[in-house]
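**Q** Contents of my_file31.tsv (TSV, C-alpha atoms) are below:
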chain	number	residue	atom	x	y	z
A	1	MET	CA	-43.32	-30.68	7.68
A	2	LYS	CA	-43.23	-27.74	10.13
A	3	PHE	CA	-39.51	-28.23	10.50
A	4	LEU	CA	-38.97	-28.06	6.71
A	5	LEU	CA	-41.14	-24.93	6.42
A	6	GLY	CA	-39.26	-23.33	9.32
A	7	LEU	CA	-35.92	-24.17	7.73
A	8	ILE	CA	-36.94	-22.68	4.37
A	9	LEU	CA	-38.28	-19.50	6.03
A	10	GLY	CA	-35.15	-19.23	8.16
A	11	LEU	CA	-32.93	-19.50	5.09
A	12	LEU	CA	-34.99	-16.88	3.23
A	13	ILE	CA	-35.11	-14.31	6.05
A	14	VAL	CA	-31.38	-13.48	5.97
A	15	PRO	CA	-31.11	-12.70	2.22
A	16	VAL	CA	-34.44	-10.82	2.21
A	17	ALA	CA	-33.39	-8.76	5.25
A	18	GLY	CA	-30.05	-8.01	3.56
A	19	LEU	CA	-31.80	-7.00	0.33
A	20	LEU	CA	-34.16	-4.69	2.21
A	21	TYR	CA	-31.23	-3.20	4.15
A	22	PHE	CA	-29.52	-2.29	0.86
A	23	ARG	CA	-32.71	-1.30	-0.98
A	24	TRP	CA	-33.99	1.09	1.71
A	25	GLY	CA	-30.70	3.02	1.77
A	26	TYR	CA	-29.24	1.95	5.11
A	27	LEU	CA	-25.89	1.07	3.58
A	28	PRO	CA	-23.29	3.78	4.38
A	29	VAL	CA	-22.76	5.47	1.01
A	30	ALA	CA	-22.15	9.13	1.91
A	31	VAL	CA	-18.57	10.30	2.47
A	32	ALA	CA	-19.30	11.26	6.08
A	33	ASP	CA	-20.92	7.89	6.95
A	34	GLN	CA	-19.15	5.45	9.24
A	35	ALA	CA	-17.44	2.64	7.36
A	36	PHE	CA	-19.42	-0.52	6.75
A	37	PRO	CA	-18.46	-3.31	9.19
A	38	MET	CA	-15.31	-5.06	7.94
A	39	GLU	CA	-15.19	-2.79	4.87
A	40	ARG	CA	-11.40	-2.42	4.96
A	41	GLN	CA	-10.85	-6.16	5.29
A	42	ILE	CA	-13.32	-6.97	2.53
A	43	VAL	CA	-11.81	-4.49	0.05
A	44	HIS	CA	-8.10	-4.22	0.87
A	45	GLY	CA	-7.26	-7.94	1.03
A	46	PRO	CA	-8.41	-8.78	-2.50
A	47	LEU	CA	-7.11	-5.44	-3.84
A	48	GLY	CA	-3.61	-6.03	-2.49
A	49	ALA	CA	-3.58	-9.60	-3.77
A	50	ARG	CA	-4.71	-8.51	-7.25
A	51	ILE	CA	-2.18	-5.67	-7.46
A	52	HIS	CA	0.72	-7.85	-6.35
A	53	SER	CA	-0.19	-10.63	-8.79
A	54	GLU	CA	-0.57	-8.28	-11.80
A	55	MET	CA	1.84	-5.37	-11.22
A	56	PRO	CA	4.92	-5.14	-13.43
A	57	ALA	CA	8.08	-6.28	-11.66
A	58	LYS	CA	10.39	-3.65	-13.13
A	59	ALA	CA	10.00	-0.20	-14.65
A	60	PRO	CA	11.01	-0.08	-18.32
A	61	ILE	CA	12.24	3.53	-17.96
A	62	SER	CA	14.81	5.17	-15.70
A	63	PRO	CA	14.27	8.07	-13.30
A	64	SER	CA	16.15	10.45	-15.61
A	65	GLU	CA	15.64	14.20	-15.30
A	66	THR	CA	13.61	14.16	-18.54
A	67	ASN	CA	11.29	11.38	-17.33
A	68	LEU	CA	10.86	13.07	-13.94
A	69	LEU	CA	10.03	16.42	-15.58
A	70	ILE	CA	7.51	14.87	-17.97
A	71	GLY	CA	6.08	12.92	-15.03
A	72	ALA	CA	5.70	16.19	-13.08
A	73	HIS	CA	3.79	17.80	-15.96
A	74	ILE	CA	1.49	14.77	-16.25
A	75	TYR	CA	1.04	14.69	-12.46
A	76	ARG	CA	0.04	18.39	-12.36
A	77	GLU	CA	-2.50	17.87	-15.16
A	78	ASN	CA	-4.07	14.64	-13.92
A	79	CYS	CA	-3.27	13.96	-10.27
A	80	ALA	CA	-2.54	17.14	-8.29
A	81	ALA	CA	-6.17	18.21	-7.80
A	82	CYS	CA	-6.83	15.14	-5.63
A	83	HIS	CA	-3.33	14.30	-4.36
A	84	GLY	CA	-1.82	17.77	-3.89
A	85	LEU	CA	1.48	19.31	-4.87
A	86	TYR	CA	4.82	19.61	-3.11
A	87	GLY	CA	4.07	21.57	0.07
A	88	ARG	CA	0.44	22.12	-1.04
A	89	PRO	CA	-2.04	19.44	0.01
A	90	SER	CA	-5.29	19.13	-1.91
A	91	THR	CA	-8.10	21.29	-0.55
A	92	PHE	CA	-10.73	18.59	-0.94
A	93	ALA	CA	-8.86	15.26	-0.53
A	94	GLU	CA	-9.82	14.96	3.14
A	95	HIS	CA	-13.48	15.28	2.15
A	96	MET	CA	-13.32	12.20	-0.07
A	97	TYR	CA	-14.01	8.66	1.13
A	98	PRO	CA	-11.67	7.09	1.39
A	99	GLU	CA	-9.48	10.16	1.70
A	100	ALA	CA	-7.18	10.67	-1.29
A	101	PRO	CA	-3.62	10.30	0.00
A	102	SER	CA	-1.37	13.33	-0.15
A	103	LEU	CA	1.49	12.15	-2.34
A	104	TRP	CA	3.97	14.86	-1.36
A	105	GLN	CA	3.57	14.80	2.44
A	106	PRO	CA	6.05	12.86	4.59
A	107	HIS	CA	4.72	10.10	6.80
A	108	GLY	CA	6.36	7.27	8.67
A	109	ALA	CA	10.15	6.92	8.67
A	110	GLY	CA	11.08	9.39	5.93
A	111	VAL	CA	8.51	8.03	3.51
A	112	VAL	CA	6.87	10.61	1.24
A	113	GLY	CA	3.53	9.71	-0.34
A	114	VAL	CA	3.86	6.31	-1.98
A	115	SER	CA	7.66	6.38	-2.31
A	116	ASP	CA	7.79	3.15	-0.30
A	117	ASP	CA	5.64	1.33	-2.87
A	118	PRO	CA	7.32	-0.37	-5.82
A	119	PRO	CA	6.84	1.69	-9.02
A	120	GLY	CA	4.98	-1.27	-10.54
A	121	GLU	CA	2.32	-1.02	-7.83
A	122	THR	CA	1.77	2.68	-8.52
A	123	PHE	CA	1.71	1.91	-12.27
A	124	TRP	CA	-1.03	-0.69	-11.69
A	125	LYS	CA	-3.12	1.71	-9.58
A	126	VAL	CA	-2.84	4.57	-12.09
A	127	LYS	CA	-3.53	2.34	-15.09
A	128	ASN	CA	-6.43	0.36	-13.62
A	129	GLY	CA	-7.90	2.72	-11.00
A	130	ILE	CA	-9.47	1.46	-7.79
A	131	ARG	CA	-13.20	0.92	-7.57
A	132	LEU	CA	-15.23	2.76	-4.94
A	133	THR	CA	-12.36	5.12	-4.05
A	134	GLY	CA	-12.61	7.91	-6.60
A	135	MET	CA	-9.30	6.76	-8.16
A	136	PRO	CA	-10.05	6.57	-11.89
A	137	SER	CA	-8.37	4.37	-14.47
A	138	PHE	CA	-6.01	6.33	-16.71
A	139	GLU	CA	-5.63	3.45	-19.18
A	140	HIS	CA	-7.47	5.36	-21.92
A	141	VAL	CA	-6.15	8.80	-20.91
A	142	LEU	CA	-2.39	8.20	-20.68
A	143	ASN	CA	-0.17	5.77	-22.53
A	144	ASP	CA	2.00	3.27	-20.65
A	145	THR	CA	5.13	5.44	-20.92
A	146	GLN	CA	3.30	8.42	-19.40
A	147	ILE	CA	1.95	6.23	-16.58
A	148	TRP	CA	5.49	5.00	-15.92
A	149	GLN	CA	6.79	8.59	-15.87
A	150	VAL	CA	4.29	9.50	-13.15
A	151	SER	CA	4.99	6.27	-11.27
A	152	ILE	CA	8.76	6.86	-11.33
A	153	LEU	CA	8.21	10.47	-10.16
A	154	LEU	CA	6.13	9.30	-7.19
A	155	ALA	CA	8.64	6.56	-6.34
A	156	SER	CA	11.29	9.30	-6.22
A	157	ALA	CA	9.28	11.64	-3.96
A	158	ASP	CA	11.52	10.90	-0.97
A	159	LYS	CA	14.73	11.57	-2.92
A	160	PRO	CA	16.28	14.88	-4.00
A	161	LEU	CA	14.57	15.92	-7.23
A	162	PRO	CA	16.07	18.12	-9.97
A	163	ALA	CA	15.41	21.83	-9.34
A	164	ASN	CA	13.19	22.26	-12.43
A	165	VAL	CA	11.02	19.29	-11.39
A	166	LEU	CA	10.69	20.57	-7.83
A	167	ASP	CA	9.88	24.11	-9.07
A	168	LEU	CA	7.08	22.72	-11.25
A	169	LEU	CA	5.65	20.70	-8.35
A	170	LYS	CA	5.66	23.78	-6.08
A	171	GLN	CA	3.68	26.02	-8.46
A	172	PRO	CA	0.03	26.42	-7.45
A	173	LEU	CA	-2.62	24.96	-9.69
A	174	ASN	CA	-4.59	27.35	-11.86
A	175	PHE	CA	-8.07	26.03	-12.51
A	176	ASN	CA	-9.04	28.99	-14.71
A	177	PRO	CA	-8.57	28.54	-18.46
A	178	PRO	CA	-5.80	30.81	-19.78
A	179	GLY	CA	-7.02	34.37	-20.42
A	180	GLN	CA	-10.27	33.76	-18.56
A	181	THR	CA	-11.20	34.96	-15.09
A	182	LEU	CA	-13.96	33.77	-12.87
A	183	PRO	CA	-16.83	36.19	-12.39
A	184	SER	CA	-16.80	37.98	-9.07
A	185	VAL	CA	-19.71	37.62	-6.72
A	186	THR	CA	-20.91	40.72	-4.94
A	187	GLU	CA	-22.84	40.51	-1.73
A	188	THR	CA	-26.08	42.47	-1.54
A	189	LYS	CA	-28.12	43.29	1.53
Taking this structure as input, can you express it in the form of structure tokens?

**A**
Amino acid sequence: MKFLLGLILGLLIVPVAGLLYFRWGYLPVAVADQAFPMERQIVHGPLGARIHSEMPAKAPISPSETNLLIGAHIYRENCAACHGLYGRPSTFAEHMYPEAPSLWQPHGAGVVGVSDDPPGETFWKVKNGIRLTGMPSFEHVLNDTQIWQVSILLASADKPLPANVLDLLKQPLNFNPPGQTLPSVTETK
């Protein structure tokens, strides 16, 4: 009887301790917290498997100058604040957890942003978003053609882009509504 009671208590201690750990706020939830043990393995394995099983195999549009230009406009409106512009990284991406990748910075062997990912993978990420990363789903914001235009643009980030597309991606973002200026703050002593 003591053995059975000990077994039951032993089996209950682990879930109760885990529940209390979560309930009392010990789980790392702030951006500056250290990652939870095995967090990357727990999240990235299933994410990669899901993306690769559901992503479209081929883009239904071509990387024409028109599609790249429209993609650049959409990118500036919806993506640049977190992922930066050409030669202008985001000012707050490194303060996100996980950090929002800079999609116009070279890394690795000539790779720029996610230009080494298939366009279908980028399409899936933009359309569906990624939980617990700050990457929202654009499924109800952009239509599939617009998502493809951004995806094709990002897949072409390591290639020469048309001058008008590159010019648009180099312009700084203006967060003030047109015709409106932010109030100035004066320091008083």

**Q** For Leu154 (chain A), which of A:Pro56, A:Gly87, A:Pro98, A:Pro63 is the closest residue, counting all atoms listed in the file?

**A**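 Using all atoms listed in the file, Leu154 (chain A) sits closest to A:Pro63.
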
**Q** Need to verify the contact set: Asn67 (chain A), 10 Å, all atoms listed in the file, exclusion of same-chain residues closer than 2 positions in sequence. Can you return it as a compact mmCIF listing (two decimals) with C-alpha atoms, in the coordinates of the input?

**A**
# COMPACT_ATOMS: atom_id res chain seq x y z
CA ILE A 61 12.24 3.53 -17.96
CA SER A 62 14.81 5.17 -15.70
CA PRO A 63 14.27 8.07 -13.30
CA SER A 64 16.15 10.45 -15.61
CA GLU A 65 15.64 14.20 -15.30
CA LEU A 69 10.03 16.42 -15.58
CA ILE A 70 7.51 14.87 -17.97
CA GLY A 71 6.08 12.92 -15.03
CA ALA A 72 5.70 16.19 -13.08
CA HIS A 73 3.79 17.80 -15.96
CA THR A 145 5.13 5.44 -20.92
CA GLN A 146 3.30 8.42 -19.40
CA TRP A 148 5.49 5.00 -15.92
CA GLN A 149 6.79 8.59 -15.87
CA VAL A 150 4.29 9.50 -13.15
CA ILE A 152 8.76 6.86 -11.33
CA LEU A 153 8.21 10.47 -10.16
CA VAL A 165 11.02 19.29 -11.39

**Q** If I take CA of Glu121 (chain A) and CA of Leu68 (chain A), how far is one from the other in Å, to one decimal?

**A** 17.6 Å

**Q** Would you mind telling me which residue in A:Cys82, A:Leu47, A:Ala157, A:Val112 lies nearest to Leu169 (chain A) when using only C-alpha atoms?

**A** A:Ala157

**Q** Looking at all atoms listed in the file, which of A:Asp144, A:Glu77, A:Glu139, A:Asp158 is the one that sits closest to His107 (chain A)?

**A**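 For His107 (chain A), the nearest of the given residues is A:Asp158.
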
**Q** Which residues come within 10 Å of Pro172 (chain A), counting only C-alpha atoms, excluding same-chain residues fewer than 6 positions away, as a count of residues only?

**A** 7

**Q** Please measure the separation of CA of His44 (chain A) and CA of Ala81 (chain A), giving the value in Å to one decimal.

**A**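 About the pair CA of His44 (chain A) and CA of Ala81 (chain A): they are 24.1 Å apart.
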
**Q** Quick one, how far is CA of Gly45 (chain A) from CA of Phe123 (chain A)?

**A**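 Computed distance, CA of Gly45 (chain A) to CA of Phe123 (chain A), equals 18.8 Å.
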
**Q** Rank A:Val141, A:Met38, A:Leu173, A:Ala32 by their smallest atom-to-atom distance to Glu99 (chain A), using all atoms listed in the file, and report the top residue only.

**A** A:Ala32

**Q** Check the smallest atom-to-atom distance from each of A:Pro119, A:Val114, A:Leu132, A:Thr66 to Tyr97 (chain A) using all atoms listed in the file, then report the winner.

**A**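 Residue with the minimum atom-to-atom distance to Tyr97 (chain A): A:Leu132.
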
**Q** Go through A:Asn174, A:Ser151, A:Gln34, A:Ser90 one by one, measure the shortest atom-to-atom distance of each to Asp116 (chain A) using only C-alpha atoms, and give the residue with the smallest value.

**A**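 Answer, going by the shortest atom-to-atom distance: A:Ser151.
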